[in-house]
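> Sharing a structure with you now.
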Amino acid sequence: MITTKRPDLAHNLLNEVWARHGEGYVSAGTAVAHIKELTLCLRKAWYEHHLEELGLPPAPEFGEEFTDATRLKIILGTAFGRYVNEDEERVTIDSTEGELSGRVDLMMWEPDAEAVALSEQGWLPVPAELKVTWSFNDSLQPQYKEQVAGYCIAKGVRKARIFVVRVSAKGGPSLACVEEEFTDEELAGWKAELERRTRQARGPTVPSYTEHWTWECKECRFNMKNGGGCEALDGKKGEGWFSEYGRDE
Ligand code: SF4
């Protein structure tokens, strides 16, 4: 019997799976503003939308620069999401700033309490977002809440859910769910904020340094340290718009 290690074949298989993984990936910089993009660095969004004017190269293929180990980590982390995403639904917010769109991972349904009280048939959509993370940090990222609030506005409802798969949690992988119920006032305020952010991300001048999360800069291709034009070293450490609004625990 001859046993031969074939890392070349392992590498080829990984490349094939990676190619399939990337199918349907929407790159940044498209004309329509995405809700998720508006919960992240507005400077980055601005750069993505001004590549030509600034003489910058187009966005690289997603993950082009990743090592095999990083690719494998992403594929394993998102495998669960592939089944959930079969139900994904595209939603849009009616906005004077142009189309704001998003992709809801899972649309759940529950009886509409008011309709039931009136003895009518009725079901309410509850948009849900699935996040998969390898982070050991147990706290929920504030931008998840911002993202699902956008979906609530798009669907005209107040309740949304966030599912989080923690791949390397203590004691093994875990799946948790958090339900968010927003007030009408909060959603109206968040809609106005999304519109402000759209203006910033699409406007003629680069947004301020305060419009990003500190953790974003390290991997950002527009960071001066990575050969880009943005010299941001620090930014908002923020708790997210909803904590500023006084909702976070
Ligand atoms: S370096 Fe930081 S602030 Fe600048 S565009 Fe990138 S993420 Fe945003």
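Residue names in the structure tokens use chain letters A, B, ... in the order shown, residue numbers from 1 in each chain, and ligand numbers from 1 in the order shown.
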What do you get as a list in words if you pick all residues at most 6 Å from ligand 1, counting only C-alpha atoms and all ligand atoms?
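I would give the residues around ligand 1 as Cys41, Arg43, Lys44, Tyr209, His212, Glu216, Cys217, Cys220, Phe222, Asn223, Cys230 and Ala232 of chain A.
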> DSSP on the backbone, alpha helix (DSSP H) only: what residues of range 7-249 of chain A does that give? Format it as a PyMOL selection string.
chain A and resi 7-21+42-49+51-54+68-84+113-117+142-155+184-202+241-244
> Taking C-alpha atoms for each residue, export the selection above as a PDB file, in the first residue's frame.

```pdb
ATOM      1  CA  PRO A   7      -1.764  19.022  -0.226  1.00  0.00           C
ATOM      2  CA  ASP A   8      -2.110  20.155  -3.855  1.00  0.00           C
ATOM      3  CA  LEU A   9      -5.471  18.355  -4.148  1.00  0.00           C
ATOM      4  CA  ALA A  10      -6.613  19.702  -0.787  1.00  0.00           C
ATOM      5  CA  HIS A  11      -5.745  23.189  -2.007  1.00  0.00           C
ATOM      6  CA  ASN A  12      -7.616  22.638  -5.305  1.00  0.00           C
ATOM      7  CA  LEU A  13     -10.747  21.416  -3.504  1.00  0.00           C
ATOM      8  CA  LEU A  14     -10.645  24.423  -1.217  1.00  0.00           C
ATOM      9  CA  ASN A  15     -10.377  26.727  -4.241  1.00  0.00           C
ATOM     10  CA  GLU A  16     -13.388  25.074  -5.865  1.00  0.00           C
ATOM     11  CA  VAL A  17     -15.506  25.417  -2.728  1.00  0.00           C
ATOM     12  CA  TRP A  18     -14.316  29.020  -2.330  1.00  0.00           C
ATOM     13  CA  ALA A  19     -15.407  29.827  -5.889  1.00  0.00           C
ATOM     14  CA  ARG A  20     -18.894  28.488  -5.124  1.00  0.00           C
ATOM     15  CA  HIS A  21     -18.942  30.303  -1.807  1.00  0.00           C
ATOM     16  CA  LEU A  42     -19.100  55.777   6.027  1.00  0.00           C
ATOM     17  CA  ARG A  43     -15.648  56.833   4.858  1.00  0.00           C
ATOM     18  CA  LYS A  44     -15.119  53.337   3.447  1.00  0.00           C
ATOM     19  CA  ALA A  45     -18.509  53.504   1.720  1.00  0.00           C
ATOM     20  CA  TRP A  46     -17.586  56.947   0.363  1.00  0.00           C
ATOM     21  CA  TYR A  47     -14.257  55.679  -1.042  1.00  0.00           C
ATOM     22  CA  GLU A  48     -16.014  52.712  -2.656  1.00  0.00           C
ATOM     23  CA  HIS A  49     -18.384  55.101  -4.442  1.00  0.00           C
ATOM     24  CA  LEU A  51     -13.056  55.010  -6.949  1.00  0.00           C
ATOM     25  CA  GLU A  52     -13.030  56.412 -10.471  1.00  0.00           C
ATOM     26  CA  GLU A  53     -12.834  60.085  -9.482  1.00  0.00           C
ATOM     27  CA  LEU A  54      -9.996  59.316  -7.072  1.00  0.00           C
ATOM     28  CA  ASP A  68      -6.169  28.977   2.549  1.00  0.00           C
ATOM     29  CA  ALA A  69      -6.610  28.983   6.335  1.00  0.00           C
ATOM     30  CA  THR A  70      -8.714  32.170   6.267  1.00  0.00           C
ATOM     31  CA  ARG A  71     -10.814  30.840   3.381  1.00  0.00           C
ATOM     32  CA  LEU A  72     -11.470  27.589   5.223  1.00  0.00           C
ATOM     33  CA  LYS A  73     -12.445  29.484   8.349  1.00  0.00           C
ATOM     34  CA  ILE A  74     -14.937  31.615   6.394  1.00  0.00           C
ATOM     35  CA  ILE A  75     -16.404  28.622   4.529  1.00  0.00           C
ATOM     36  CA  LEU A  76     -16.899  26.617   7.724  1.00  0.00           C
ATOM     37  CA  GLY A  77     -18.347  29.635   9.489  1.00  0.00           C
ATOM     38  CA  THR A  78     -20.875  30.408   6.763  1.00  0.00           C
ATOM     39  CA  ALA A  79     -21.927  26.823   5.951  1.00  0.00           C
ATOM     40  CA  PHE A  80     -24.811  26.997   8.451  1.00  0.00           C
ATOM     41  CA  GLY A  81     -25.947  30.266   6.945  1.00  0.00           C
ATOM     42  CA  ARG A  82     -26.193  28.739   3.478  1.00  0.00           C
ATOM     43  CA  TYR A  83     -29.238  26.696   4.542  1.00  0.00           C
ATOM     44  CA  VAL A  84     -30.866  29.653   6.290  1.00  0.00           C
ATOM     45  CA  ALA A 113     -52.174  39.891  17.777  1.00  0.00           C
ATOM     46  CA  GLU A 114     -54.488  42.713  16.663  1.00  0.00           C
ATOM     47  CA  ALA A 115     -55.874  40.731  13.746  1.00  0.00           C
ATOM     48  CA  VAL A 116     -56.427  37.712  16.004  1.00  0.00           C
ATOM     49  CA  ALA A 117     -58.305  39.898  18.529  1.00  0.00           C
ATOM     50  CA  PRO A 142     -24.266  47.030  18.078  1.00  0.00           C
ATOM     51  CA  GLN A 143     -24.458  47.243  14.296  1.00  0.00           C
ATOM     52  CA  TYR A 144     -26.508  44.013  14.162  1.00  0.00           C
ATOM     53  CA  LYS A 145     -29.298  45.813  15.961  1.00  0.00           C
ATOM     54  CA  GLU A 146     -29.004  48.737  13.539  1.00  0.00           C
ATOM     55  CA  GLN A 147     -29.213  46.387  10.595  1.00  0.00           C
ATOM     56  CA  VAL A 148     -32.391  44.623  11.734  1.00  0.00           C
ATOM     57  CA  ALA A 149     -33.974  47.962  12.635  1.00  0.00           C
ATOM     58  CA  GLY A 150     -33.524  48.849   8.953  1.00  0.00           C
ATOM     59  CA  TYR A 151     -35.345  45.662   7.971  1.00  0.00           C
ATOM     60  CA  CYS A 152     -38.189  46.549  10.347  1.00  0.00           C
ATOM     61  CA  ILE A 153     -38.573  49.927   8.624  1.00  0.00           C
ATOM     62  CA  ALA A 154     -38.582  48.219   5.226  1.00  0.00           C
ATOM     63  CA  LYS A 155     -41.258  45.708   6.287  1.00  0.00           C
ATOM     64  CA  ASP A 184     -42.205  53.739  16.328  1.00  0.00           C
ATOM     65  CA  GLU A 185     -40.235  56.740  17.530  1.00  0.00           C
ATOM     66  CA  GLU A 186     -36.959  54.809  17.446  1.00  0.00           C
ATOM     67  CA  LEU A 187     -37.615  53.511  13.954  1.00  0.00           C
ATOM     68  CA  ALA A 188     -38.503  56.982  12.690  1.00  0.00           C
ATOM     69  CA  GLY A 189     -35.286  58.325  14.223  1.00  0.00           C
ATOM     70  CA  TRP A 190     -33.228  55.500  12.747  1.00  0.00           C
ATOM     71  CA  LYS A 191     -34.745  56.082   9.293  1.00  0.00           C
ATOM     72  CA  ALA A 192     -33.706  59.742   9.456  1.00  0.00           C
ATOM     73  CA  GLU A 193     -30.220  58.639  10.550  1.00  0.00           C
ATOM     74  CA  LEU A 194     -29.958  56.147   7.657  1.00  0.00           C
ATOM     75  CA  GLU A 195     -30.896  58.946   5.277  1.00  0.00           C
ATOM     76  CA  ARG A 196     -28.249  61.216   6.790  1.00  0.00           C
ATOM     77  CA  ARG A 197     -25.682  58.444   6.402  1.00  0.00           C
ATOM     78  CA  THR A 198     -26.708  57.906   2.774  1.00  0.00           C
ATOM     79  CA  ARG A 199     -26.089  61.591   2.071  1.00  0.00           C
ATOM     80  CA  GLN A 200     -22.692  61.317   3.745  1.00  0.00           C
ATOM     81  CA  ALA A 201     -21.666  58.142   1.915  1.00  0.00           C
ATOM     82  CA  ARG A 202     -22.718  59.528  -1.489  1.00  0.00           C
ATOM     83  CA  TRP A 241     -27.001  54.443  17.483  1.00  0.00           C
ATOM     84  CA  PHE A 242     -29.499  52.638  19.693  1.00  0.00           C
ATOM     85  CA  SER A 243     -27.335  52.904  22.797  1.00  0.00           C
ATOM     86  CA  GLU A 244     -26.825  56.566  22.128  1.00  0.00           C
TER      87      GLU A 244
END
```
> What does the structure give for the distance between CA of Asn85 in chain A and CA of Lys170 in chain A, in Å to one decimal?
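Value for the CA of Asn85 in chain A-CA of Lys170 in chain A distance: 26.1 Å.
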> What is the distance, in Å and to one decimal place, between CA of Asn137 in chain A and CA of Glu180 in chain A?
20.1 Å
> Rounded to one decimal place, report the CA of Gly203 in chain A-CA of His50 in chain A distance in Å.
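Separating CA of Gly203 in chain A from CA of His50 in chain A is a distance of 9.7 Å.
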> Please return as a PyMOL selection string: the residues of range 24-221 of chain A that backbone DSSP assigns to strand (DSSP E).
chain A and resi 33-34+89-93+100-104+106-111+123-133+159-166+174-181
> Dump C-alpha atoms for the selected residues as a PDB file, in the first residue's frame?

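Contents of result09.pdb, as written:
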```pdb
ATOM      1  CA  ALA A  33     -27.125  52.143  -0.694  1.00  0.00           C
ATOM      2  CA  HIS A  34     -27.215  48.999   1.406  1.00  0.00           C
ATOM      3  CA  GLU A  89     -35.638  38.273   0.918  1.00  0.00           C
ATOM      4  CA  ARG A  90     -34.605  41.557  -0.618  1.00  0.00           C
ATOM      5  CA  VAL A  91     -36.201  44.586   1.079  1.00  0.00           C
ATOM      6  CA  THR A  92     -36.132  48.300   0.331  1.00  0.00           C
ATOM      7  CA  ILE A  93     -36.795  51.413   2.354  1.00  0.00           C
ATOM      8  CA  LEU A 100     -31.976  51.894   0.474  1.00  0.00           C
ATOM      9  CA  SER A 101     -31.912  48.169   0.219  1.00  0.00           C
ATOM     10  CA  GLY A 102     -31.013  45.119   2.269  1.00  0.00           C
ATOM     11  CA  ARG A 103     -31.147  41.345   2.259  1.00  0.00           C
ATOM     12  CA  VAL A 104     -32.992  39.651   5.093  1.00  0.00           C
ATOM     13  CA  LEU A 106     -34.775  34.699   7.141  1.00  0.00           C
ATOM     14  CA  MET A 107     -38.350  35.960   7.197  1.00  0.00           C
ATOM     15  CA  MET A 108     -40.229  34.425  10.119  1.00  0.00           C
ATOM     16  CA  TRP A 109     -43.979  34.728  10.597  1.00  0.00           C
ATOM     17  CA  GLU A 110     -46.167  34.973  13.677  1.00  0.00           C
ATOM     18  CA  PRO A 111     -49.853  35.688  14.295  1.00  0.00           C
ATOM     19  CA  TRP A 123     -49.662  37.012  10.119  1.00  0.00           C
ATOM     20  CA  LEU A 124     -46.856  39.445  10.738  1.00  0.00           C
ATOM     21  CA  PRO A 125     -43.420  39.096   9.186  1.00  0.00           C
ATOM     22  CA  VAL A 126     -40.510  39.095  11.652  1.00  0.00           C
ATOM     23  CA  PRO A 127     -37.252  39.701   9.789  1.00  0.00           C
ATOM     24  CA  ALA A 128     -34.281  37.770  11.129  1.00  0.00           C
ATOM     25  CA  GLU A 129     -30.565  38.143  10.572  1.00  0.00           C
ATOM     26  CA  LEU A 130     -28.065  35.328  10.972  1.00  0.00           C
ATOM     27  CA  LYS A 131     -24.542  36.114  12.105  1.00  0.00           C
ATOM     28  CA  VAL A 132     -21.746  33.581  12.298  1.00  0.00           C
ATOM     29  CA  THR A 133     -18.672  34.505  14.289  1.00  0.00           C
ATOM     30  CA  LYS A 159     -39.962  43.286  15.864  1.00  0.00           C
ATOM     31  CA  ALA A 160     -36.885  41.526  14.508  1.00  0.00           C
ATOM     32  CA  ARG A 161     -34.558  38.711  15.561  1.00  0.00           C
ATOM     33  CA  ILE A 162     -30.824  38.175  15.469  1.00  0.00           C
ATOM     34  CA  PHE A 163     -29.441  34.635  15.475  1.00  0.00           C
ATOM     35  CA  VAL A 164     -25.782  34.251  16.354  1.00  0.00           C
ATOM     36  CA  VAL A 165     -23.736  31.136  15.702  1.00  0.00           C
ATOM     37  CA  ARG A 166     -20.535  31.185  17.753  1.00  0.00           C
ATOM     38  CA  SER A 174     -23.514  27.546  20.116  1.00  0.00           C
ATOM     39  CA  LEU A 175     -26.562  29.149  18.558  1.00  0.00           C
ATOM     40  CA  ALA A 176     -28.324  32.017  20.341  1.00  0.00           C
ATOM     41  CA  CYS A 177     -31.249  34.265  19.460  1.00  0.00           C
ATOM     42  CA  VAL A 178     -32.053  37.805  20.555  1.00  0.00           C
ATOM     43  CA  GLU A 179     -35.374  39.455  19.801  1.00  0.00           C
ATOM     44  CA  GLU A 180     -35.520  43.216  19.364  1.00  0.00           C
ATOM     45  CA  GLU A 181     -38.719  45.216  19.584  1.00  0.00           C
TER      46      GLU A 181
END
```
